[in-house]
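K.L.:
target.cif (mmCIF, C-alpha atoms) pasted underneath:
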```cif
data_coords
#
loop_
_atom_site.group_PDB
_atom_site.id
_atom_site.type_symbol
_atom_site.label_atom_id
_atom_site.label_comp_id
_atom_site.auth_asym_id
_atom_site.auth_seq_id
_atom_site.Cartn_x
_atom_site.Cartn_y
_atom_site.Cartn_z
ATOM 1 C CA MET R 1 -27.904 20.057 31.693
ATOM 2 C CA SER R 2 -30.680 22.064 30.036
ATOM 3 C CA ARG R 3 -33.217 20.514 27.689
ATOM 4 C CA GLU R 4 -31.837 22.700 24.911
ATOM 5 C CA PHE R 5 -28.314 21.424 25.502
ATOM 6 C CA SER R 6 -29.507 17.815 25.460
ATOM 7 C CA ALA R 7 -31.243 18.410 22.158
ATOM 8 C CA GLN R 8 -28.150 19.981 20.644
ATOM 9 C CA LEU R 9 -25.942 17.075 21.689
ATOM 10 C CA LYS R 10 -28.323 14.761 19.900
ATOM 11 C CA ASN R 11 -27.689 16.643 16.671
ATOM 12 C CA PRO R 12 -25.553 14.118 14.750
ATOM 13 C CA THR R 13 -24.370 16.737 12.262
ATOM 14 C CA ALA R 14 -22.887 19.068 14.884
ATOM 15 C CA LEU R 15 -21.281 16.206 16.770
ATOM 16 C CA HIS R 16 -19.893 14.721 13.559
ATOM 17 C CA TYR R 17 -18.315 18.015 12.521
ATOM 18 C CA PHE R 18 -16.899 18.575 16.004
ATOM 19 C CA ARG R 19 -15.291 15.129 15.916
ATOM 20 C CA GLU R 20 -13.868 15.684 12.420
ATOM 21 C CA VAL R 21 -12.339 19.039 13.439
ATOM 22 C CA ALA R 22 -10.802 17.441 16.530
ATOM 23 C CA LYS R 23 -9.371 14.637 14.410
ATOM 24 C CA ALA R 24 -8.052 16.892 11.631
ATOM 25 C CA GLY R 25 -6.750 19.697 13.851
ATOM 26 C CA SER R 26 -8.268 22.484 11.749
ATOM 27 C CA PHE R 27 -11.543 23.569 10.184
ATOM 28 C CA ARG R 28 -9.920 23.665 6.748
ATOM 29 C CA LYS R 29 -8.729 20.064 6.889
ATOM 30 C CA ALA R 30 -12.063 18.911 8.280
ATOM 31 C CA ALA R 31 -13.772 20.677 5.376
ATOM 32 C CA GLU R 32 -11.574 18.763 2.908
ATOM 33 C CA VAL R 33 -12.506 15.448 4.518
ATOM 34 C CA THR R 34 -16.234 16.101 4.830
ATOM 35 C CA HIS R 35 -16.590 18.129 1.594
ATOM 36 C CA VAL R 36 -18.459 20.791 3.561
ATOM 37 C CA ALA R 37 -17.537 24.482 3.691
ATOM 38 C CA ALA R 38 -15.260 25.361 6.620
ATOM 39 C CA SER R 39 -17.585 28.239 7.525
ATOM 40 C CA ALA R 40 -20.532 25.832 7.878
ATOM 41 C CA ILE R 41 -18.474 23.492 10.075
ATOM 42 C CA ASN R 42 -17.292 26.417 12.174
ATOM 43 C CA ARG R 43 -20.887 27.569 12.631
ATOM 44 C CA GLN R 44 -21.999 24.138 13.836
ATOM 45 C CA VAL R 45 -19.119 23.942 16.310
ATOM 46 C CA LYS R 46 -19.831 27.479 17.515
ATOM 47 C CA ASN R 47 -23.455 26.506 18.155
ATOM 48 C CA LEU R 48 -22.185 23.562 20.168
ATOM 49 C CA GLU R 49 -19.916 25.870 22.189
ATOM 50 C CA ASP R 50 -22.833 28.227 22.860
ATOM 51 C CA GLU R 51 -24.892 25.342 24.186
ATOM 52 C CA VAL R 52 -22.231 24.054 26.578
ATOM 53 C CA GLU R 53 -21.329 27.653 27.472
ATOM 54 C CA ALA R 54 -17.639 26.854 27.121
ATOM 55 C CA PRO R 55 -15.080 26.932 24.288
ATOM 56 C CA LEU R 56 -14.289 23.520 22.823
ATOM 57 C CA PHE R 57 -11.142 24.595 20.946
ATOM 58 C CA GLU R 58 -8.272 26.962 21.568
ATOM 59 C CA ARG R 59 -8.280 28.930 18.339
ATOM 60 C CA GLY R 60 -4.616 29.891 18.183
ATOM 61 C CA ARG R 61 -2.815 31.360 15.237
ATOM 62 C CA GLY R 62 0.069 29.993 13.225
ATOM 63 C CA ARG R 63 0.870 26.394 12.346
ATOM 64 C CA SER R 64 -0.040 24.909 15.707
ATOM 65 C CA GLY R 65 -3.658 24.565 14.608
ATOM 66 C CA LEU R 66 -6.592 24.016 16.900
ATOM 67 C CA LYS R 67 -6.261 22.425 20.321
ATOM 68 C CA LEU R 68 -9.041 20.973 22.404
ATOM 69 C CA THR R 69 -9.884 22.707 25.655
ATOM 70 C CA ALA R 70 -10.659 20.711 28.800
ATOM 71 C CA ALA R 71 -14.347 20.940 27.892
ATOM 72 C CA GLY R 72 -13.546 19.796 24.366
ATOM 73 C CA GLU R 73 -11.607 16.783 25.652
ATOM 74 C CA ILE R 74 -14.563 15.735 27.800
ATOM 75 C CA LEU R 75 -17.067 16.131 24.986
ATOM 76 C CA LEU R 76 -14.826 14.286 22.487
ATOM 77 C CA LEU R 77 -14.489 11.350 24.892
ATOM 78 C CA HIS R 78 -18.262 11.015 25.121
ATOM 79 C CA VAL R 79 -18.758 11.509 21.381
ATOM 80 C CA ARG R 80 -16.307 8.697 20.672
ATOM 81 C CA THR R 81 -18.063 6.477 23.203
ATOM 82 C CA ILE R 82 -21.409 7.150 21.538
ATOM 83 C CA ALA R 83 -19.941 6.457 18.092
ATOM 84 C CA ASN R 84 -18.468 3.153 19.272
ATOM 85 C CA GLU R 85 -21.780 2.119 20.808
ATOM 86 C CA LEU R 86 -23.606 2.952 17.590
ATOM 87 C CA ASN R 87 -21.060 0.945 15.588
ATOM 88 C CA ALA R 88 -21.538 -1.985 17.958
ATOM 89 C CA ALA R 89 -25.307 -1.755 17.486
ATOM 90 C CA LYS R 90 -24.901 -1.612 13.715
ATOM 91 C CA THR R 91 -22.642 -4.663 13.858
ATOM 92 C CA GLN R 92 -25.252 -6.637 15.779
ATOM 93 C CA ILE R 93 -27.969 -5.566 13.359
ATOM 94 C CA ASP R 94 -25.786 -6.592 10.414
ATOM 95 C CA ALA R 95 -25.286 -9.957 12.086
ATOM 96 C CA LEU R 96 -29.035 -10.479 12.023
ATOM 97 C CA LYS R 97 -28.970 -9.950 8.268
ATOM 98 C CA GLY R 98 -26.118 -12.370 7.714
ATOM 99 C CA LEU R 99 -24.258 -11.618 4.509
ATOM 100 C CA GLU R 100 -27.179 -10.144 2.620
ATOM 101 C CA ARG R 101 -26.088 -6.632 3.535
ATOM 102 C CA GLY R 102 -23.353 -4.899 5.476
ATOM 103 C CA ASN R 103 -20.386 -2.557 5.288
ATOM 104 C CA ILE R 104 -16.758 -3.460 5.940
ATOM 105 C CA ARG R 105 -14.218 -0.809 6.885
ATOM 106 C CA MET R 106 -10.621 -1.798 6.179
ATOM 107 C CA GLY R 107 -7.219 -0.180 6.488
ATOM 108 C CA VAL R 108 -4.295 -1.277 4.307
ATOM 109 C CA ASN R 109 -0.838 -0.202 3.190
ATOM 110 C CA GLU R 110 -0.698 1.268 -0.292
ATOM 111 C CA GLY R 111 1.755 -1.365 -1.466
ATOM 112 C CA PHE R 112 -0.700 -4.121 -0.564
ATOM 113 C CA ALA R 113 -3.917 -2.543 -1.859
ATOM 114 C CA ARG R 114 -3.819 -3.937 -5.399
ATOM 115 C CA GLU R 115 -3.161 -7.522 -4.327
ATOM 116 C CA LEU R 116 -5.910 -7.219 -1.744
ATOM 117 C CA LEU R 117 -8.409 -6.167 -4.390
ATOM 118 C CA ARG R 118 -7.444 -8.939 -6.774
ATOM 119 C CA GLU R 119 -7.191 -11.824 -4.322
ATOM 120 C CA THR R 120 -9.808 -11.046 -1.642
ATOM 121 C CA LEU R 121 -12.210 -8.185 -2.302
ATOM 122 C CA THR R 122 -13.080 -9.067 -5.893
ATOM 123 C CA PRO R 123 -14.023 -12.708 -5.221
ATOM 124 C CA PHE R 124 -15.785 -11.676 -1.989
ATOM 125 C CA ASN R 125 -17.811 -9.086 -3.887
ATOM 126 C CA GLN R 126 -18.791 -11.671 -6.474
ATOM 127 C CA ARG R 127 -20.159 -13.934 -3.739
ATOM 128 C CA HIS R 128 -21.746 -11.154 -1.648
ATOM 129 C CA PRO R 129 -22.561 -8.233 -3.967
ATOM 130 C CA GLN R 130 -24.700 -6.381 -1.388
ATOM 131 C CA VAL R 131 -21.789 -5.924 1.029
ATOM 132 C CA THR R 132 -20.002 -2.584 0.618
ATOM 133 C CA PHE R 133 -16.430 -1.603 1.495
ATOM 134 C CA GLU R 134 -14.618 1.422 2.871
ATOM 135 C CA LEU R 135 -10.917 1.019 2.061
ATOM 136 C CA LEU R 136 -8.527 3.457 3.757
ATOM 137 C CA VAL R 137 -4.829 3.561 2.847
ATOM 138 C CA ALA R 138 -2.181 4.610 5.373
ATOM 139 C CA ALA R 139 1.201 3.692 6.843
ATOM 140 C CA SER R 140 1.288 0.871 9.400
ATOM 141 C CA PRO R 141 1.537 3.035 12.576
ATOM 142 C CA ARG R 142 -1.489 5.065 11.474
ATOM 143 C CA LEU R 143 -3.407 1.883 10.622
ATOM 144 C CA VAL R 144 -2.855 0.599 14.162
ATOM 145 C CA GLU R 145 -4.219 3.878 15.540
ATOM 146 C CA MET R 146 -7.263 3.558 13.272
ATOM 147 C CA VAL R 147 -8.156 0.006 14.262
ATOM 148 C CA MET R 148 -7.622 0.751 17.959
ATOM 149 C CA ALA R 149 -9.974 3.749 17.668
ATOM 150 C CA ASP R 150 -12.544 1.596 15.796
ATOM 151 C CA GLU R 151 -12.240 3.809 12.734
ATOM 152 C CA VAL R 152 -11.808 0.581 10.749
ATOM 153 C CA ASP R 153 -12.845 -3.012 11.443
ATOM 154 C CA LEU R 154 -9.565 -4.648 10.462
ATOM 155 C CA ILE R 155 -6.187 -3.777 9.002
ATOM 156 C CA ILE R 156 -3.693 -5.533 6.734
ATOM 157 C CA ALA R 157 -0.235 -4.051 7.083
ATOM 158 C CA TYR R 158 3.499 -4.644 6.856
ATOM 159 C CA ASN R 159 5.688 -4.919 9.961
ATOM 160 C CA VAL R 160 3.045 -4.044 12.549
ATOM 161 C CA ALA R 161 4.591 -3.163 15.910
ATOM 162 C CA PRO R 162 3.330 -5.242 18.871
ATOM 163 C CA HIS R 163 0.435 -3.628 20.729
ATOM 164 C CA ALA R 164 -1.308 -4.887 23.861
ATOM 165 C CA GLY R 165 -4.748 -4.133 22.457
ATOM 166 C CA LEU R 166 -4.100 -5.605 19.023
ATOM 167 C CA GLN R 167 -5.005 -9.141 17.989
ATOM 168 C CA VAL R 168 -3.163 -10.655 15.021
ATOM 169 C CA GLN R 169 -5.593 -12.857 13.117
ATOM 170 C CA ALA R 170 -3.173 -14.003 10.404
ATOM 171 C CA ARG R 171 0.441 -13.375 9.469
ATOM 172 C CA CYS R 172 2.926 -14.356 6.799
ATOM 173 C CA LEU R 173 6.493 -13.486 5.898
ATOM 174 C CA VAL R 174 7.281 -12.209 2.420
ATOM 175 C CA GLY R 175 10.571 -11.491 0.765
ATOM 176 C CA SER R 176 11.460 -8.584 -1.482
ATOM 177 C CA CYS R 177 12.173 -8.380 -5.164
ATOM 178 C CA ILE R 178 13.476 -5.885 -7.669
ATOM 179 C CA MET R 179 11.256 -4.449 -10.365
ATOM 180 C CA VAL R 180 12.995 -3.716 -13.672
ATOM 181 C CA PRO R 181 12.048 -3.433 -17.366
ATOM 182 C CA ARG R 182 12.183 -6.588 -19.469
ATOM 183 C CA GLN R 183 15.310 -5.367 -21.276
ATOM 184 C CA HIS R 184 17.256 -4.696 -18.047
ATOM 185 C CA PRO R 185 20.459 -6.784 -17.604
ATOM 186 C CA LEU R 186 19.062 -8.301 -14.387
ATOM 187 C CA ALA R 187 15.630 -9.127 -15.812
ATOM 188 C CA SER R 188 16.593 -12.598 -17.009
ATOM 189 C CA LYS R 189 17.997 -13.773 -13.659
ATOM 190 C CA SER R 190 16.050 -16.179 -11.458
ATOM 191 C CA SER R 191 17.156 -14.233 -8.374
ATOM 192 C CA VAL R 192 19.598 -11.482 -7.410
ATOM 193 C CA ARG R 193 21.629 -10.275 -4.477
ATOM 194 C CA LEU R 194 21.658 -6.622 -3.540
ATOM 195 C CA ALA R 195 25.316 -6.557 -4.504
ATOM 196 C CA ASP R 196 24.253 -7.459 -8.070
ATOM 197 C CA CYS R 197 22.116 -4.299 -8.142
ATOM 198 C CA ALA R 198 24.767 -1.916 -6.813
ATOM 199 C CA PRO R 199 25.952 -0.680 -10.253
ATOM 200 C CA TYR R 200 22.469 0.583 -11.129
ATOM 201 C CA GLY R 201 20.379 3.511 -9.948
ATOM 202 C CA PHE R 202 17.467 2.969 -7.579
ATOM 203 C CA ILE R 203 13.945 4.333 -7.321
ATOM 204 C CA MET R 204 13.551 5.045 -3.610
ATOM 205 C CA PRO R 205 10.523 5.846 -1.450
ATOM 206 C CA HIS R 206 10.581 9.249 0.246
ATOM 207 C CA GLU R 207 11.935 9.376 3.796
ATOM 208 C CA SER R 208 8.421 10.103 5.067
ATOM 209 C CA MET R 209 7.197 6.690 3.878
ATOM 210 C CA ALA R 210 7.189 3.597 6.088
ATOM 211 C CA LEU R 211 9.021 1.516 3.466
ATOM 212 C CA ARG R 212 12.099 3.766 3.423
ATOM 213 C CA PRO R 213 13.626 2.612 6.763
ATOM 214 C CA THR R 214 13.089 -1.008 5.707
ATOM 215 C CA ILE R 215 14.987 -0.505 2.453
ATOM 216 C CA ASP R 216 17.689 1.535 4.195
ATOM 217 C CA ARG R 217 18.234 -1.371 6.599
ATOM 218 C CA MET R 218 18.511 -3.761 3.652
ATOM 219 C CA PHE R 219 21.350 -1.778 2.137
ATOM 220 C CA ALA R 220 23.036 -1.230 5.514
ATOM 221 C CA SER R 221 22.976 -4.986 6.221
ATOM 222 C CA VAL R 222 25.044 -5.679 3.099
ATOM 223 C CA GLY R 223 27.195 -2.564 3.325
ATOM 224 C CA ILE R 224 25.976 -0.914 0.129
ATOM 225 C CA GLN R 225 25.381 2.782 -0.450
ATOM 226 C CA PRO R 226 22.709 2.882 -3.173
ATOM 227 C CA ARG R 227 22.905 5.339 -6.029
ATOM 228 C CA ILE R 228 19.511 7.020 -5.977
ATOM 229 C CA ALA R 229 18.102 7.954 -9.359
ATOM 230 C CA LEU R 230 14.670 9.116 -8.190
ATOM 231 C CA THR R 231 12.813 9.591 -4.897
ATOM 232 C CA THR R 232 9.021 9.700 -4.653
ATOM 233 C CA ASP R 233 6.270 9.563 -2.043
ATOM 234 C CA SER R 234 4.074 7.313 -4.211
ATOM 235 C CA TYR R 235 4.368 3.547 -4.521
ATOM 236 C CA GLU R 236 2.619 3.673 -7.870
ATOM 237 C CA MET R 237 5.148 6.230 -9.104
ATOM 238 C CA MET R 238 7.954 3.923 -7.952
ATOM 239 C CA ARG R 239 6.526 1.109 -10.071
ATOM 240 C CA SER R 240 5.913 3.394 -13.044
ATOM 241 C CA ALA R 241 9.441 4.790 -12.899
ATOM 242 C CA ALA R 242 10.970 1.306 -12.637
ATOM 243 C CA SER R 243 8.853 0.053 -15.537
ATOM 244 C CA ALA R 244 10.025 3.033 -17.608
ATOM 245 C CA GLY R 245 13.676 2.156 -16.917
ATOM 246 C CA LEU R 246 14.566 5.087 -14.637
ATOM 247 C CA GLY R 247 16.029 2.745 -12.051
ATOM 248 C CA ILE R 248 15.477 -0.346 -9.918
ATOM 249 C CA ALA R 249 12.569 -0.377 -7.478
ATOM 250 C CA ILE R 250 12.539 -2.709 -4.479
ATOM 251 C CA VAL R 251 9.007 -3.942 -3.844
ATOM 252 C CA SER R 252 7.305 -6.692 -1.914
ATOM 253 C CA GLN R 253 7.647 -10.170 -3.357
ATOM 254 C CA TYR R 254 3.894 -10.434 -2.941
ATOM 255 C CA LEU R 255 3.848 -9.534 -6.629
ATOM 256 C CA HIS R 256 4.689 -12.817 -8.345
ATOM 257 C CA GLY R 257 5.718 -13.026 -11.976
ATOM 258 C CA LEU R 258 4.253 -10.391 -14.264
ATOM 259 C CA ASP R 259 2.017 -7.582 -13.084
ATOM 260 C CA PRO R 260 -0.792 -6.964 -15.597
ATOM 261 C CA ASN R 261 -0.657 -3.278 -14.730
ATOM 262 C CA TYR R 262 3.016 -3.160 -15.792
ATOM 263 C CA PRO R 263 3.365 -5.612 -18.692
ATOM 264 C CA HIS R 264 6.816 -4.286 -19.626
ATOM 265 C CA ALA R 265 8.345 -4.986 -16.210
ATOM 266 C CA VAL R 266 9.500 -8.139 -14.424
ATOM 267 C CA PHE R 267 9.986 -8.938 -10.749
ATOM 268 C CA VAL R 268 13.142 -10.767 -9.702
ATOM 269 C CA PRO R 269 13.352 -12.141 -6.116
ATOM 270 C CA ILE R 270 16.162 -10.933 -3.865
ATOM 271 C CA ARG R 271 17.979 -13.927 -2.396
ATOM 272 C CA ASP R 272 20.272 -12.606 0.315
ATOM 273 C CA THR R 273 20.599 -14.190 3.759
ATOM 274 C CA ARG R 274 21.310 -10.792 5.314
ATOM 275 C CA VAL R 275 18.079 -9.256 4.023
ATOM 276 C CA LYS R 276 15.186 -10.023 6.372
ATOM 277 C CA LYS R 277 11.698 -10.811 5.180
ATOM 278 C CA GLN R 278 8.779 -8.520 5.972
ATOM 279 C CA ALA R 279 5.765 -9.580 8.000
ATOM 280 C CA VAL R 280 2.288 -8.999 6.598
ATOM 281 C CA SER R 281 -0.344 -9.129 9.346
ATOM 282 C CA CYS R 282 -4.127 -8.972 9.450
ATOM 283 C CA CYS R 283 -5.194 -7.451 12.771
ATOM 284 C CA VAL R 284 -8.284 -6.417 14.725
ATOM 285 C CA ARG R 285 -8.781 -4.744 18.077
ATOM 286 C CA LYS R 286 -9.004 -7.222 20.939
ATOM 287 C CA GLY R 287 -12.560 -7.536 22.151
ATOM 288 C CA ARG R 288 -14.064 -5.984 19.021
ATOM 289 C CA HIS R 289 -17.358 -7.525 17.906
ATOM 290 C CA LEU R 290 -17.201 -7.767 14.123
ATOM 291 C CA SER R 291 -20.140 -8.162 11.774
ATOM 292 C CA VAL R 292 -20.742 -11.435 9.960
ATOM 293 C CA ALA R 293 -19.518 -9.776 6.771
ATOM 294 C CA SER R 294 -16.262 -8.617 8.380
ATOM 295 C CA LEU R 295 -15.675 -12.006 9.985
ATOM 296 C CA THR R 296 -16.226 -13.755 6.661
ATOM 297 C CA LEU R 297 -13.798 -11.444 4.877
ATOM 298 C CA LEU R 298 -11.331 -11.926 7.715
ATOM 299 C CA GLU R 299 -11.397 -15.652 7.045
ATOM 300 C CA SER R 300 -10.721 -15.038 3.349
ATOM 301 C CA VAL R 301 -7.764 -12.753 4.103
ATOM 302 C CA ALA R 302 -6.367 -15.250 6.613
ATOM 303 C CA ALA R 303 -6.579 -18.005 4.000
ATOM 304 C CA VAL R 304 -4.672 -15.887 1.471
ATOM 305 C CA LEU R 305 -1.924 -15.047 3.979
ATOM 306 C CA GLN R 306 -1.726 -18.664 5.076
ATOM 307 C CA ALA R 307 -1.298 -19.782 1.468
ATOM 308 C CA ARG R 308 1.504 -17.239 1.032
ATOM 309 C CA SER R 309 3.295 -18.409 4.148
ATOM 310 C CA GLU R 310 3.305 -21.985 2.825
ATOM 311 C CA ARG R 311 5.018 -21.094 -0.458
#
```
Represent the structure from my file as structure tokens, please.
P.N.:
Amino acid sequence: MSREFSAQLKNPTALHYFREVAKAGSFRKAAEVTHVAASAINRQVKNLEDEVEAPLFERGRGRSGLKLTAAGEILLLHVRTIANELNAAKTQIDALKGLERGNIRMGVNEGFARELLRETLTPFNQRHPQVTFELLVAASPRLVEMVMADEVDLIIAYNVAPHAGLQVQARCLVGSCIMVPRQHPLASKSSVRLADCAPYGFIMPHESMALRPTIDRMFASVGIQPRIALTTDSYEMMRSAASAGLGIAIVSQYLHGLDPNYPHAVFVPIRDTRVKKQAVSCCVRKGRHLSVASLTLLESVAAVLQARSER
């Protein structure tokens, strides 16, 4: 390896852009993530290719996007290794500082984000104001990929599939409830069965969302074909539509009583023996060395989930 090549590989900007392009699958998507012009990213990657004297991507046309070459696969493996080592070093340095400083990277489901902020992050921030957060929202399968790749320190997600490299730190089971306006005929009930909801229209998550199969299984278990009034790919839109009276939304029972963000809506628990509860899990990668800040937050999250499981 030439001295020039060694120097280029130590350029964090070029390596960062190369990794982002490999992750995103295109220069355009990488530009959206990094907020840097695609032409500038392409130039950095091209410089990297000139140094290694081999193409790093197969620049095909059409929707297939970019694909890593054999040389690109090798370089990406080493770049990821370097990034993990740097993160491990940063974690150890943060540990020396205790909770005076630090950064916590978390991955959560969208449906859980608001409760997480209210019950864990806000009080944690009040106690440790110098600790910063990176909060990434994704579906559970993607969150598992992120924590296994050390893109985040920990995840909190619904119905996480078992994984050999995943360690569950805390877990609780939560039921589901319907969200309806205060004036809805079902709003005054202490609980409902899905059969009670059958005459009304439903606000459903889009088929691309992780919650959709769960809700479909609920209806299948009781033999009901729901009448769908509206479908959306946003959990917030589901809540807004239900609050506005467009239909019934089925949401996690993690929301208890009134939601201050939707003062005109109520949440009524679904009591049906054929409808299974959902598991909320807080997970980390096995063998991962977390910072003091992340470990402290992990304890707070575990306490919240434990309290939920005891209700």
K.L.:
At a cut-off of 10 Å, using all atoms listed in the file, what residues contact Pro123 in chain R? Leave out same-chain residues fewer than 6 positions from it and give the result as a list in words.
P.N.:
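Contacts, with the query itself left out: Leu117, Pro129 and Ser300 of chain R.
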K.L.:
So that I have them on file, write out the residues from the current selection with C-alpha atoms, as a PDB file, keeping the file's coordinate frame.
P.N.:
```
ATOM      1  CA  LEU R 117      -8.409  -6.167  -4.390  1.00  0.00           C
ATOM      2  CA  PRO R 129     -22.561  -8.233  -3.967  1.00  0.00           C
ATOM      3  CA  SER R 300     -10.721 -15.038   3.349  1.00  0.00           C
TER       4      SER R 300
END
```
K.L.:
Any idea what's packed within 8 Å of Asn159 in chain R, counting all atoms listed in the file, ignoring anything in its chain fewer than 3 positions away? Could you give it as an MDAnalysis selection string?
P.N.:
chainID R and resid 140 278:281
K.L.:
Evaluate the PyMOL selection byres ((chain R and resi 134) around 6) and record the selected residues as a PDB file with C-alpha atoms, in the frame of the given file, following the chain and residue labels used in the document.
P.N.:
```pdb
ATOM      1  CA  ARG R 105     -14.218  -0.809   6.885  1.00  0.00           C
ATOM      2  CA  PHE R 133     -16.430  -1.603   1.495  1.00  0.00           C
ATOM      3  CA  LEU R 135     -10.917   1.019   2.061  1.00  0.00           C
TER       4      LEU R 135
END
```
K.L.:
From the list R:Cys172, R:Val268, R:Leu295, R:Val275, which residue is nearest Lys189 in chain R when using all atoms listed in the file?
P.N.:
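Residue with the minimum atom-to-atom distance to Lys189 in chain R: R:Val268.
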K.L.:
If you measure from CA of Pro181 in chain R to CA of Thr232 in chain R, what distance in Å do you get, rounded to one decimal?
P.N.:
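One can read the CA of Pro181 in chain R to CA of Thr232 in chain R distance as 18.5 Å.
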K.L.:
Taking the point (-17.7, 10.2, 19.6) as given in the file, collect each protein or nucleic acid residue that comes within 12 Å of it, counting all atoms listed in the file, and present the set as a PyMOL selection string.
P.N.:
chain R and resi 9-10+12-20+22-23+72-87+149-151
K.L.:
Can you tell me how far CA of Leu66 in chain R sits from CA of Arg28 in chain R, in Å to one decimal?
P.N.:
10.7 Å
K.L.:
Determine the nearest neighbour of Val266 in chain R from the options R:Gly223, R:Pro199, R:Pro213, R:Gly245, counting only C-alpha atoms.
P.N.:
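Of all the options, R:Gly245 lies closest to Val266 in chain R.
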K.L.:
Please write the residues picked by the PyMOL selection byres ((chain R and resi 169) around 12) on this file as a ChimeraX atom specification.
P.N.:
/R:154-157,166-168,170-172,280-286,295,297-303,305-306
K.L.:
So the first atom is CA of Phe57 in chain R and the second is CA of Glu145 in chain R; what is the distance between them in Å, to one decimal place?
P.N.:
22.5 Å
